[in-house]
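J.: Here you go, this is run_35.cif (mmCIF, C-alpha atoms).
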data_data
loop_
_atom_site.label_atom_id
_atom_site.label_comp_id
_atom_site.auth_asym_id
_atom_site.auth_seq_id
_atom_site.Cartn_x
_atom_site.Cartn_y
_atom_site.Cartn_z
CA SER A 1 0.34 12.38 16.46
CA ARG A 2 -3.14 12.59 17.99
CA ARG A 3 -3.92 15.71 15.92
CA ALA A 4 -2.86 13.99 12.67
CA ARG A 5 -4.94 10.89 13.45
CA ALA A 6 -7.96 13.07 14.10
CA ALA A 7 -7.47 14.97 10.85
CA ARG A 8 -7.26 11.88 8.68
CA SER A 9 -10.26 10.15 10.29
CA GLN A 10 -12.57 13.19 10.43
CA PRO A 11 -15.47 12.84 7.95
CA LEU A 12 -15.58 15.53 5.29
CA ALA A 13 -17.86 18.26 6.55
CA ALA A 14 -19.03 19.16 3.07
CA ALA A 15 -20.52 15.70 2.64
CA ALA A 16 -23.50 16.84 4.69
CA ASP A 17 -24.25 19.68 2.25
CA SER A 18 -27.02 19.29 -0.31
CA THR A 19 -24.49 19.79 -3.11
CA MET A 20 -22.18 16.79 -3.36
CA PRO A 21 -18.51 17.80 -3.29
CA LYS A 22 -15.65 17.06 -5.64
CA VAL A 23 -12.99 16.09 -3.13
CA ASP A 24 -9.35 17.20 -3.13
CA VAL A 25 -7.50 14.62 -1.00
CA THR A 26 -4.62 16.97 -0.12
CA LYS A 27 -5.78 17.35 3.49
CA CYS A 28 -5.94 13.58 3.90
CA ALA A 29 -2.45 13.13 2.44
CA MET A 30 -0.87 15.96 4.44
CA ALA A 31 -2.04 14.51 7.75
CA PHE A 32 0.09 11.44 7.06
CA ARG A 33 2.98 13.34 5.51
CA ASP A 34 3.28 15.76 8.42
CA GLU A 35 3.57 12.79 10.77
CA ILE A 36 6.14 11.15 8.47
CA LYS A 37 8.27 14.31 8.31
CA SER A 38 8.22 14.68 12.09
CA SER A 39 9.29 11.08 12.59
CA ILE A 40 12.16 11.39 10.11
CA GLU A 41 13.46 14.61 11.63
CA ALA A 42 13.34 13.04 15.11
CA THR A 43 15.41 10.10 13.82
CA VAL A 44 17.96 12.42 12.22
CA ALA A 45 18.16 14.59 15.35
CA ALA A 46 18.96 11.46 17.35
CA GLY A 47 21.88 10.70 15.03
CA GLY A 48 20.13 8.28 12.69
CA LYS A 49 20.10 8.24 8.90
CA ARG A 50 17.29 9.39 6.65
CA PRO A 51 15.38 6.56 4.97
CA LYS A 52 16.47 5.92 1.40
CA LEU A 53 14.14 4.85 -1.40
CA VAL A 54 15.43 3.60 -4.76
CA GLY A 55 13.07 3.61 -7.73
CA PHE A 56 13.77 1.54 -10.85
CA LEU A 57 12.40 2.73 -14.19
CA ALA A 58 12.83 0.14 -16.93
CA ASN A 59 10.12 1.18 -19.39
CA SER A 60 8.99 4.12 -21.50
CA ASP A 61 5.51 4.26 -19.96
CA ASP A 62 4.37 7.88 -19.53
CA ALA A 63 2.29 7.10 -16.42
CA ALA A 64 5.26 5.35 -14.78
CA ALA A 65 7.54 8.31 -15.54
CA MET A 66 4.96 10.70 -14.09
CA TYR A 67 4.66 8.58 -10.93
CA ALA A 68 8.49 8.61 -10.63
CA ARG A 69 8.51 12.43 -10.80
CA TRP A 70 5.78 12.68 -8.18
CA THR A 71 7.66 10.26 -5.94
CA GLU A 72 10.92 12.23 -6.19
CA ARG A 73 9.19 15.55 -5.53
CA ALA A 74 7.32 14.26 -2.47
CA CYS A 75 10.33 12.46 -1.00
CA THR A 76 12.51 15.54 -1.33
CA ARG A 77 9.87 17.66 0.37
CA ASP A 78 9.40 15.18 3.23
CA GLY A 79 13.07 14.57 4.05
CA ILE A 80 13.47 11.19 2.34
CA GLU A 81 16.51 10.37 0.25
CA TYR A 82 15.32 9.27 -3.19
CA GLU A 83 17.31 7.90 -6.12
CA LEU A 84 15.86 7.02 -9.52
CA ARG A 85 17.83 4.37 -11.39
CA ARG A 86 17.04 3.93 -15.08
CA VAL A 87 17.95 0.46 -16.32
CA GLU A 88 17.25 -1.73 -19.31
CA ARG A 89 14.51 -4.18 -18.50
CA VAL A 90 16.80 -7.16 -19.14
CA ASP A 91 19.13 -5.79 -16.44
CA LEU A 92 16.42 -5.05 -13.90
CA GLU A 93 16.61 -8.30 -11.89
CA GLU A 94 20.34 -7.94 -11.31
CA ALA A 95 19.93 -4.27 -10.36
CA VAL A 96 17.19 -5.08 -7.84
CA MET A 97 19.26 -7.86 -6.28
CA ALA A 98 22.17 -5.43 -5.85
CA ALA A 99 19.84 -2.99 -4.09
CA ASN A 100 18.57 -5.84 -1.88
CA ASP A 101 22.14 -6.30 -0.62
CA ASP A 102 22.88 -2.60 -0.17
CA PRO A 103 22.53 -1.70 3.55
CA ASP A 104 22.04 1.98 2.66
CA VAL A 105 18.82 1.21 0.72
CA ASN A 106 15.68 0.90 2.86
CA GLY A 107 13.03 0.62 0.19
CA ILE A 108 12.81 -0.56 -3.44
CA LEU A 109 10.15 0.53 -5.91
CA VAL A 110 9.81 -0.77 -9.46
CA TYR A 111 7.68 1.25 -11.87
CA TYR A 112 5.55 -1.29 -13.72
CA PRO A 113 4.82 -2.54 -16.32
CA VAL A 114 8.22 -3.90 -17.31
CA PHE A 115 7.58 -7.06 -19.35
CA GLY A 116 3.98 -7.53 -18.27
CA GLY A 117 2.31 -10.74 -17.14
CA PRO A 118 4.11 -13.53 -15.26
CA ILE A 119 7.58 -12.00 -15.65
CA ASP A 120 6.50 -8.89 -13.74
CA ASP A 121 5.01 -11.16 -11.05
CA TYR A 122 8.38 -12.87 -10.79
CA LEU A 123 10.18 -9.52 -10.51
CA ARG A 124 7.92 -8.54 -7.60
CA ASP A 125 9.17 -11.59 -5.73
CA VAL A 126 12.81 -10.68 -6.44
CA ILE A 127 12.47 -7.64 -4.16
CA SER A 128 13.47 -8.49 -0.59
CA ILE A 129 10.64 -8.63 1.94
CA GLN A 130 12.78 -6.24 4.02
CA LYS A 131 12.73 -3.61 1.24
CA ASP A 132 9.45 -4.16 -0.63
CA VAL A 133 7.90 -0.74 -0.14
CA GLU A 134 4.84 -1.62 -2.25
CA GLY A 135 4.01 -4.86 -0.42
CA LEU A 136 3.68 -6.81 -3.68
CA ASN A 137 5.92 -9.82 -3.10
CA HIS A 138 4.30 -13.20 -2.49
CA ARG A 139 4.71 -13.17 1.29
CA TYR A 140 3.00 -9.83 1.74
CA ARG A 141 0.25 -10.72 -0.73
CA TYR A 142 -0.42 -14.01 1.06
CA SER A 143 -0.64 -12.14 4.36
CA LEU A 144 -3.07 -9.63 2.83
CA TYR A 145 -5.44 -12.28 1.46
CA HIS A 146 -5.41 -14.15 4.78
CA ASN A 147 -5.74 -10.95 6.84
CA VAL A 148 -2.41 -11.52 8.61
CA ARG A 149 -1.31 -8.15 9.98
CA VAL A 150 1.96 -9.18 11.71
CA LEU A 151 4.73 -11.50 10.48
CA ALA A 152 5.66 -13.58 13.52
CA ASP A 153 8.68 -15.20 11.85
CA TRP A 154 10.11 -11.79 10.94
CA GLY A 155 10.36 -10.35 14.42
CA ASN A 156 6.65 -9.43 14.55
CA ARG A 157 7.11 -6.72 11.94
CA LYS A 158 3.89 -5.35 10.47
CA ALA A 159 2.96 -6.64 7.01
CA ILE A 160 3.32 -4.03 4.26
CA LEU A 161 0.12 -3.32 2.32
CA PRO A 162 0.10 -2.20 -1.35
CA CYS A 163 0.13 1.59 -1.65
CA THR A 164 -2.80 2.33 -3.97
CA PRO A 165 -5.35 0.00 -2.29
CA LEU A 166 -4.25 1.29 1.12
CA ALA A 167 -4.59 4.89 -0.10
CA ILE A 168 -8.16 4.23 -1.24
CA LEU A 169 -9.06 2.83 2.18
CA LYS A 170 -7.56 5.88 3.86
CA VAL A 171 -9.56 8.18 1.56
CA LEU A 172 -12.77 6.29 2.37
CA ASN A 173 -12.03 6.62 6.08
CA PHE A 174 -11.37 10.34 5.58
CA LEU A 175 -14.80 10.67 3.95
CA GLY A 176 -16.54 8.93 6.85
CA ALA A 177 -17.33 5.65 5.08
CA TYR A 178 -15.92 3.63 7.98
CA ASP A 179 -18.07 3.28 11.12
CA SER A 180 -15.54 3.68 13.93
CA SER A 181 -18.15 2.65 16.53
CA LYS A 182 -17.87 -0.92 15.22
CA PRO A 183 -14.93 -3.25 15.92
CA GLU A 184 -12.02 -3.38 13.48
CA GLY A 185 -12.91 -5.69 10.61
CA ASP A 186 -16.60 -4.76 10.69
CA GLN A 187 -16.43 -1.01 10.05
CA LEU A 188 -17.66 -1.35 6.44
CA GLU A 189 -20.36 -3.84 7.39
CA GLY A 190 -23.56 -3.16 5.45
CA LYS A 191 -21.71 -1.24 2.71
CA THR A 192 -21.84 -2.36 -0.92
CA VAL A 193 -18.82 -1.57 -3.09
CA VAL A 194 -18.60 -1.77 -6.89
CA LEU A 195 -14.98 -1.99 -8.05
CA TYR A 196 -13.88 -1.65 -11.68
CA ASN A 197 -10.41 -3.22 -11.75
CA ARG A 198 -9.23 -6.73 -10.88
CA SER A 199 -5.50 -6.40 -11.46
CA GLU A 200 -3.09 -8.22 -9.18
CA VAL A 201 -1.46 -4.91 -8.28
CA VAL A 202 -4.56 -2.94 -7.23
CA GLY A 203 -8.00 -4.38 -7.93
CA ARG A 204 -7.84 -7.85 -6.42
CA PRO A 205 -5.97 -6.85 -3.24
CA LEU A 206 -8.30 -3.87 -2.82
CA ALA A 207 -11.37 -6.14 -3.09
CA ALA A 208 -9.89 -8.40 -0.40
CA MET A 209 -9.05 -5.47 1.90
CA LEU A 210 -12.56 -4.03 1.57
CA ALA A 211 -14.10 -7.46 2.24
CA ASN A 212 -11.81 -7.91 5.25
CA ASP A 213 -13.28 -4.67 6.60
CA GLY A 214 -16.81 -6.02 6.24
CA ALA A 215 -17.98 -4.74 2.84
CA MET A 216 -19.78 -6.69 0.12
CA VAL A 217 -17.65 -6.10 -2.97
CA TYR A 218 -18.68 -6.55 -6.60
CA SER A 219 -15.47 -6.83 -8.62
CA VAL A 220 -15.98 -6.01 -12.30
CA ASP A 221 -13.55 -7.19 -14.97
CA ILE A 222 -13.74 -7.16 -18.76
CA ASP A 223 -15.57 -10.49 -18.96
CA ASN A 224 -17.47 -10.92 -15.70
CA MET A 225 -18.33 -9.76 -12.21
CA LEU A 226 -17.42 -11.58 -8.99
CA ARG A 227 -18.63 -11.01 -5.45
CA TYR A 228 -16.10 -10.77 -2.58
CA ARG A 229 -17.05 -11.00 1.07
CA LYS A 230 -15.50 -12.06 4.32
CA GLY A 231 -15.31 -15.85 4.66
CA ARG A 232 -16.75 -17.87 7.52
CA VAL A 233 -13.28 -19.04 8.50
CA SER A 234 -11.25 -16.22 10.05
CA GLY A 235 -8.64 -14.84 7.65
CA THR A 236 -10.37 -16.01 4.46
CA ILE A 237 -12.17 -14.23 1.64
CA LYS A 238 -15.21 -15.82 -0.01
CA VAL A 239 -15.27 -15.24 -3.78
CA GLU A 240 -18.52 -16.09 -5.57
CA GLU A 241 -20.01 -15.99 -9.04
CA THR A 242 -23.02 -13.71 -9.34
CA THR A 243 -25.88 -13.32 -11.80
CA MET A 244 -26.40 -9.70 -10.80
CA SER A 245 -25.94 -7.17 -13.58
CA GLN A 246 -23.56 -4.23 -13.34
CA ASP A 247 -26.50 -1.82 -13.40
CA GLU A 248 -28.10 -3.62 -10.44
CA ALA A 249 -24.81 -3.52 -8.53
CA LEU A 250 -24.37 0.21 -9.24
CA ALA A 251 -27.91 0.91 -8.03
CA MET A 252 -26.93 -0.67 -4.68
CA GLY A 253 -23.40 0.72 -4.54
CA ASP A 254 -22.64 2.88 -1.52
CA ILE A 255 -19.08 3.15 -2.86
CA VAL A 256 -17.99 2.93 -6.50
CA ILE A 257 -14.27 2.71 -7.28
CA ALA A 258 -12.83 2.74 -10.80
CA GLY A 259 -9.32 2.31 -12.16
CA VAL A 260 -9.67 1.32 -15.79
CA PRO A 261 -6.61 2.42 -17.81
CA THR A 262 -8.40 3.71 -20.90
CA PRO A 263 -10.15 6.98 -21.78
CA LYS A 264 -12.93 4.98 -23.43
CA PHE A 265 -14.35 3.64 -20.16
CA SER A 266 -16.84 5.73 -18.19
CA VAL A 267 -19.38 5.05 -15.45
CA ASP A 268 -22.68 6.73 -16.25
CA PRO A 269 -23.56 8.96 -13.25
CA LYS A 270 -27.25 8.32 -13.93
CA LYS A 271 -26.69 4.71 -12.82
CA LEU A 272 -25.06 5.66 -9.51
CA LYS A 273 -26.86 5.43 -6.19
CA LYS A 274 -27.73 8.87 -4.86
CA ASP A 275 -25.23 10.13 -2.25
CA CYS A 276 -22.71 7.38 -2.92
CA ILE A 277 -18.92 7.87 -2.86
CA ALA A 278 -17.19 7.65 -6.26
CA VAL A 279 -13.41 7.23 -6.33
CA ASN A 280 -11.31 7.40 -9.49
CA PHE A 281 -7.74 6.04 -9.44
CA SER A 282 -7.09 5.77 -13.16
CA GLN A 283 -4.92 8.31 -14.98
CA PHE A 284 -8.10 8.87 -17.02
CA SER A 285 -11.46 9.99 -15.66
CA ASN A 286 -13.57 6.84 -15.32
CA PHE A 287 -16.72 8.74 -14.31
CA GLY A 288 -18.96 10.71 -16.62
CA ASP A 289 -19.80 14.41 -16.45
CA GLY A 290 -22.18 15.24 -13.65
CA THR A 291 -20.90 12.62 -11.20
CA GLU A 292 -20.43 15.26 -8.48
CA GLU A 293 -24.15 16.08 -8.77
CA VAL A 294 -25.13 12.68 -7.37
CA ALA A 295 -22.02 11.49 -5.52
CA THR A 296 -19.14 12.60 -3.33
CA PHE A 297 -16.56 12.44 -6.11
CA VAL A 298 -12.83 11.85 -5.63
CA PRO A 299 -11.25 12.43 -9.07
CA ALA A 300 -7.68 11.46 -8.06
CA ILE A 301 -5.88 9.83 -5.12
CA GLY A 302 -2.22 10.18 -6.18
CA LYS A 303 -1.20 12.38 -3.23
CA VAL A 304 -2.46 9.81 -0.72
CA THR A 305 -0.81 6.97 -2.65
CA ILE A 306 2.55 8.75 -2.35
CA ALA A 307 1.91 9.28 1.37
CA MET A 308 1.26 5.54 1.81
CA LEU A 309 4.47 4.79 -0.10
CA GLU A 310 6.38 7.01 2.33
CA ARG A 311 4.58 5.44 5.29
CA ASN A 312 5.55 1.95 4.13
CA LEU A 313 9.16 3.09 3.66
CA LEU A 314 9.23 4.48 7.19
CA ARG A 315 8.03 1.14 8.55
CA LEU A 316 10.76 -0.71 6.66
CA HIS A 317 13.34 1.81 7.84
CA SER A 318 12.21 1.44 11.47
CA ALA A 319 12.27 -2.34 11.18
CA ALA A 320 15.82 -2.19 9.80
CA ILE A 321 16.93 0.02 12.70
CA ALA A 322 15.36 -2.38 15.21
CA SER A 323 16.97 -5.37 13.47
CA ASP A 324 20.40 -3.71 13.52
CA ALA A 325 19.99 -2.85 17.20
CA ALA A 326 19.02 -6.44 18.02
CA ALA A 327 21.97 -7.78 16.04
CA SER A 328 24.33 -5.38 17.85
CA ALA A 329 22.97 -6.47 21.23
CA ARG A 330 23.43 -10.14 20.30
CA SER A 331 26.98 -9.40 19.18
CA LYS A 332 27.78 -7.65 22.47
CA ARG A 333 26.31 -10.53 24.48
CA PHE A 334 28.38 -12.99 22.48
CA ALA A 335 31.52 -10.91 23.04
CA VAL A 336 30.88 -10.81 26.81
CA MET A 337 30.26 -14.57 26.89
CA ALA A 338 33.39 -15.21 24.83
CA ALA A 339 35.49 -13.00 27.12
CA ALA A 340 34.10 -14.79 30.17
CA PHE A 341 34.90 -18.16 28.59
CA VAL A 342 38.45 -17.06 27.84
CA ALA A 343 38.88 -15.82 31.43
CA VAL A 344 37.61 -19.09 32.90
CA ALA A 345 39.84 -21.06 30.56
CA ALA A 346 42.84 -18.95 31.57
CA VAL A 347 42.16 -19.59 35.26
CA GLY A 348 41.96 -23.28 34.51
CA VAL A 349 45.32 -23.22 32.76
CA VAL A 350 46.95 -21.38 35.68
CA ARG A 351 45.55 -23.88 38.17
CA ALA A 352 46.70 -26.79 36.03
CA ARG A 353 50.25 -25.40 35.99
CA ARG A 354 50.27 -25.14 39.77
#
When written as structure tokens, how does the structure in this file appear?

T.:
Amino acid sequence: SRRARAARSQPLAAAADSTMPKVDVTKCAMAFRDEIKSSIEATVAAGGKRPKLVGFLANSDDAAAMYARWTERACTRDGIEYELRRVERVDLEEAVMAANDDPDVNGILVYYPVFGGPIDDYLRDVISIQKDVEGLNHRYRYSLYHNVRVLADWGNRKAILPCTPLAILKVLNFLGAYDSSKPEGDQLEGKTVVLYNRSEVVGRPLAAMLANDGAMVYSVDIDNMLRYRKGRVSGTIKVEETTMSQDEALAMGDIVIAGVPTPKFSVDPKKLKKDCIAVNFSQFSNFGDGTEEVATFVPAIGKVTIAMLERNLLRLHSAAIASDAAASARSKRFAVMAAAFVAVAAVGVVRARR
């Protein structure tokens, strides 16, 4: 709705105060979730089914189990049918393939890590493009890195973006980091981002998405730092080596984002640029005490991540409804054509007998 769009794009009023705020992203998340709930109830009122999400838990990871609980709680509250299926990791591929073929399942979510490394990458590609609610299979990732927003060979359906990177972009927009007076793709132009995480699930796609929106991104990993920016050729990302130090990057950073999965890592707030935005998406606090004294500090984004998961599911559900409707229309046209053919053939037989 227009009201929801305004709520989620309105800069945080407190950001203009002399005391930098610690931001609760609930308002940002609820703007999306209210719209999602309204859409689902309208579908149900029209005789349609509620979207169904199936989550697969095949590990004993505490963070994954917590995410599963959050997902179930949010889906129940927002009118989404959710089912958690616990499976042994060696049985996960077969279980996912069964869900791919189940017409009652609209979205599939696997709580990683399962095996870790290349095997988990393979499992992401096992999930059907029609049900990949996290947007992590190869086709969606390729589209992300080449800034392809619509899949022409899939009925012009919108590409699904990974939930956590998308949530971070929505939070930044909520905080006023995006300049809406500029054209899409340039709204972070002139912004420098320092990003601590280069995983294939969050960090690398997030760096590409930020660069696609015009930012200069310094991506920090354990061993090095790389610079991401929009390429000269449309739909490409330029990745470069850099001799800049982390401290120099932090001193320039308008936005600092951290998702390092260890309690031992911490960004020293004394090294942050005054009035920057600091976003934490790790289960641990990656920013030191006093961060909110120099930065607009977002300590957690989980509520917005869940909202983006639901939003992606709704898109998959809508695409499935449209696909079913198109298939039904084709079937009816074929039936009419077949009946007409039979009628013409019957007339021909009658005439031949005369």

J.: Each residue of region 146-217 of chain A lying at most 8 Å from region 309-322 of chain A should get a row with its shortest atom-to-atom pair and the distance in Å to one decimal, counting only C-alpha atoms; could you produce that, ordered by chain and increasing number, as JSON lines?

T.:
{"residue": "A:Arg157", "atom": "CA", "partner": "A:Ala319", "partner_atom": "CA", "distance": 6.8}
{"residue": "A:Lys158", "atom": "CA", "partner": "A:Arg315", "partner_atom": "CA", "distance": 7.9}
{"residue": "A:Ile160", "atom": "CA", "partner": "A:Asn312", "partner_atom": "CA", "distance": 6.4}
{"residue": "A:Leu161", "atom": "CA", "partner": "A:Asn312", "partner_atom": "CA", "distance": 7.8}
{"residue": "A:Cys163", "atom": "CA", "partner": "A:Leu309", "partner_atom": "CA", "distance": 5.6}

J.: Just how far from CA of Val294 (chain A) is CA of Cys276 (chain A), in Å to one decimal?

T.: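 Distance between the two atoms: 7.3 Å.
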
J.: Between A:Ser282, A:Gln246, A:Thr236, A:Thr296, which has the minimum distance to Ala258 (chain A) (counting all atoms listed in the file)?

T.: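 Among A:Ser282, A:Gln246, A:Thr236, A:Thr296, it is A:Ser282 that comes nearest to Ala258 (chain A).
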
J.: I need the residue set behind the PyMOL selection byres ((chain A and resi 187) around 12) for this file; please write it as an MDAnalysis selection string.

T.: chainID A and resid 169 172:173 176:186 188:191 209:216

J.: Any idea what the distance is between CA of Ala159 (chain A) and CA of Tyr140 (chain A)?

T.: 6.2 Å

J.: Can you find the residues with an atom no farther than 12 Å from (-23.6, 13.5, -9.6), counting all atoms listed in the file, and report them as a PyMOL selection string?

T.: chain A and resi 18-22+267-278+287-298

J.: Could you save those same residues with C-alpha atoms as a PDB file, in the frame of the given file?

T.:
ATOM      1  CA  SER A  18     -27.020  19.290  -0.310  1.00  0.00           C
ATOM      2  CA  THR A  19     -24.490  19.790  -3.110  1.00  0.00           C
ATOM      3  CA  MET A  20     -22.180  16.790  -3.360  1.00  0.00           C
ATOM      4  CA  PRO A  21     -18.510  17.800  -3.290  1.00  0.00           C
ATOM      5  CA  LYS A  22     -15.650  17.060  -5.640  1.00  0.00           C
ATOM      6  CA  VAL A 267     -19.380   5.050 -15.450  1.00  0.00           C
ATOM      7  CA  ASP A 268     -22.680   6.730 -16.250  1.00  0.00           C
ATOM      8  CA  PRO A 269     -23.560   8.960 -13.250  1.00  0.00           C
ATOM      9  CA  LYS A 270     -27.250   8.320 -13.930  1.00  0.00           C
ATOM     10  CA  LYS A 271     -26.690   4.710 -12.820  1.00  0.00           C
ATOM     11  CA  LEU A 272     -25.060   5.660  -9.510  1.00  0.00           C
ATOM     12  CA  LYS A 273     -26.860   5.430  -6.190  1.00  0.00           C
ATOM     13  CA  LYS A 274     -27.730   8.870  -4.860  1.00  0.00           C
ATOM     14  CA  ASP A 275     -25.230  10.130  -2.250  1.00  0.00           C
ATOM     15  CA  CYS A 276     -22.710   7.380  -2.920  1.00  0.00           C
ATOM     16  CA  ILE A 277     -18.920   7.870  -2.860  1.00  0.00           C
ATOM     17  CA  ALA A 278     -17.190   7.650  -6.260  1.00  0.00           C
ATOM     18  CA  PHE A 287     -16.720   8.740 -14.310  1.00  0.00           C
ATOM     19  CA  GLY A 288     -18.960  10.710 -16.620  1.00  0.00           C
ATOM     20  CA  ASP A 289     -19.800  14.410 -16.450  1.00  0.00           C
ATOM     21  CA  GLY A 290     -22.180  15.240 -13.650  1.00  0.00           C
ATOM     22  CA  THR A 291     -20.900  12.620 -11.200  1.00  0.00           C
ATOM     23  CA  GLU A 292     -20.430  15.260  -8.480  1.00  0.00           C
ATOM     24  CA  GLU A 293     -24.150  16.080  -8.770  1.00  0.00           C
ATOM     25  CA  VAL A 294     -25.130  12.680  -7.370  1.00  0.00           C
ATOM     26  CA  ALA A 295     -22.020  11.490  -5.520  1.00  0.00           C
ATOM     27  CA  THR A 296     -19.140  12.600  -3.330  1.00  0.00           C
ATOM     28  CA  PHE A 297     -16.560  12.440  -6.110  1.00  0.00           C
ATOM     29  CA  VAL A 298     -12.830  11.850  -5.630  1.00  0.00           C
TER      30      VAL A 298
END

J.: Starting from the PyMOL selection byres ((chain A and resi 206) around 10), expand the selection into actual residues of this file and give them as a VMD selection string.

T.: chain A and resid 144 to 145 161 to 162 164 to 169 195 197 to 205 207 to 212 217 219 257

J.: Which one is closest to Gly79 (chain A): A:Ile301, A:Ala45, A:Ala58, A:Ile36? Count all atoms listed in the file.

T.: A:Ile36

J.: Could you tell me which of A:Val105, A:Ala99, A:Ala64, A:Val126 comes closest to Pro51 (chain A) if we count all atoms listed in the file?

T.: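 Ranked by minimum distance to Pro51 (chain A), first place goes to A:Val105.
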
J.: Applying 12 Å and all atoms listed in the file, which residues near Cys75 (chain A) remain after dropping the ones on its own chain fewer than 5 positions away? List them as an MDAnalysis selection string.

T.: chainID A and resid 33 36:37 40 50:55 68:70 80:84 303 306:311 313:314

J.: Restricting the output to C-alpha atoms, write the selected residues as a PDB file, in the frame of the given file.

T.:
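The resulting file, again.pdb, is reproduced below:
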ATOM      1  CA  ARG A  33       2.980  13.340   5.510  1.00  0.00           C
ATOM      2  CA  ILE A  36       6.140  11.150   8.470  1.00  0.00           C
ATOM      3  CA  LYS A  37       8.270  14.310   8.310  1.00  0.00           C
ATOM      4  CA  ILE A  40      12.160  11.390  10.110  1.00  0.00           C
ATOM      5  CA  ARG A  50      17.290   9.390   6.650  1.00  0.00           C
ATOM      6  CA  PRO A  51      15.380   6.560   4.970  1.00  0.00           C
ATOM      7  CA  LYS A  52      16.470   5.920   1.400  1.00  0.00           C
ATOM      8  CA  LEU A  53      14.140   4.850  -1.400  1.00  0.00           C
ATOM      9  CA  VAL A  54      15.430   3.600  -4.760  1.00  0.00           C
ATOM     10  CA  GLY A  55      13.070   3.610  -7.730  1.00  0.00           C
ATOM     11  CA  ALA A  68       8.490   8.610 -10.630  1.00  0.00           C
ATOM     12  CA  ARG A  69       8.510  12.430 -10.800  1.00  0.00           C
ATOM     13  CA  TRP A  70       5.780  12.680  -8.180  1.00  0.00           C
ATOM     14  CA  ILE A  80      13.470  11.190   2.340  1.00  0.00           C
ATOM     15  CA  GLU A  81      16.510  10.370   0.250  1.00  0.00           C
ATOM     16  CA  TYR A  82      15.320   9.270  -3.190  1.00  0.00           C
ATOM     17  CA  GLU A  83      17.310   7.900  -6.120  1.00  0.00           C
ATOM     18  CA  LEU A  84      15.860   7.020  -9.520  1.00  0.00           C
ATOM     19  CA  LYS A 303      -1.200  12.380  -3.230  1.00  0.00           C
ATOM     20  CA  ILE A 306       2.550   8.750  -2.350  1.00  0.00           C
ATOM     21  CA  ALA A 307       1.910   9.280   1.370  1.00  0.00           C
ATOM     22  CA  MET A 308       1.260   5.540   1.810  1.00  0.00           C
ATOM     23  CA  LEU A 309       4.470   4.790  -0.100  1.00  0.00           C
ATOM     24  CA  GLU A 310       6.380   7.010   2.330  1.00  0.00           C
ATOM     25  CA  ARG A 311       4.580   5.440   5.290  1.00  0.00           C
ATOM     26  CA  LEU A 313       9.160   3.090   3.660  1.00  0.00           C
ATOM     27  CA  LEU A 314       9.230   4.480   7.190  1.00  0.00           C
TER      28      LEU A 314
END

J.: Have a look at CA of Val256 (chain A) and CA of Val279 (chain A) and let me know their distance in Å, one decimal.

T.: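 About the pair CA of Val256 (chain A) and CA of Val279 (chain A): they are 6.3 Å apart.
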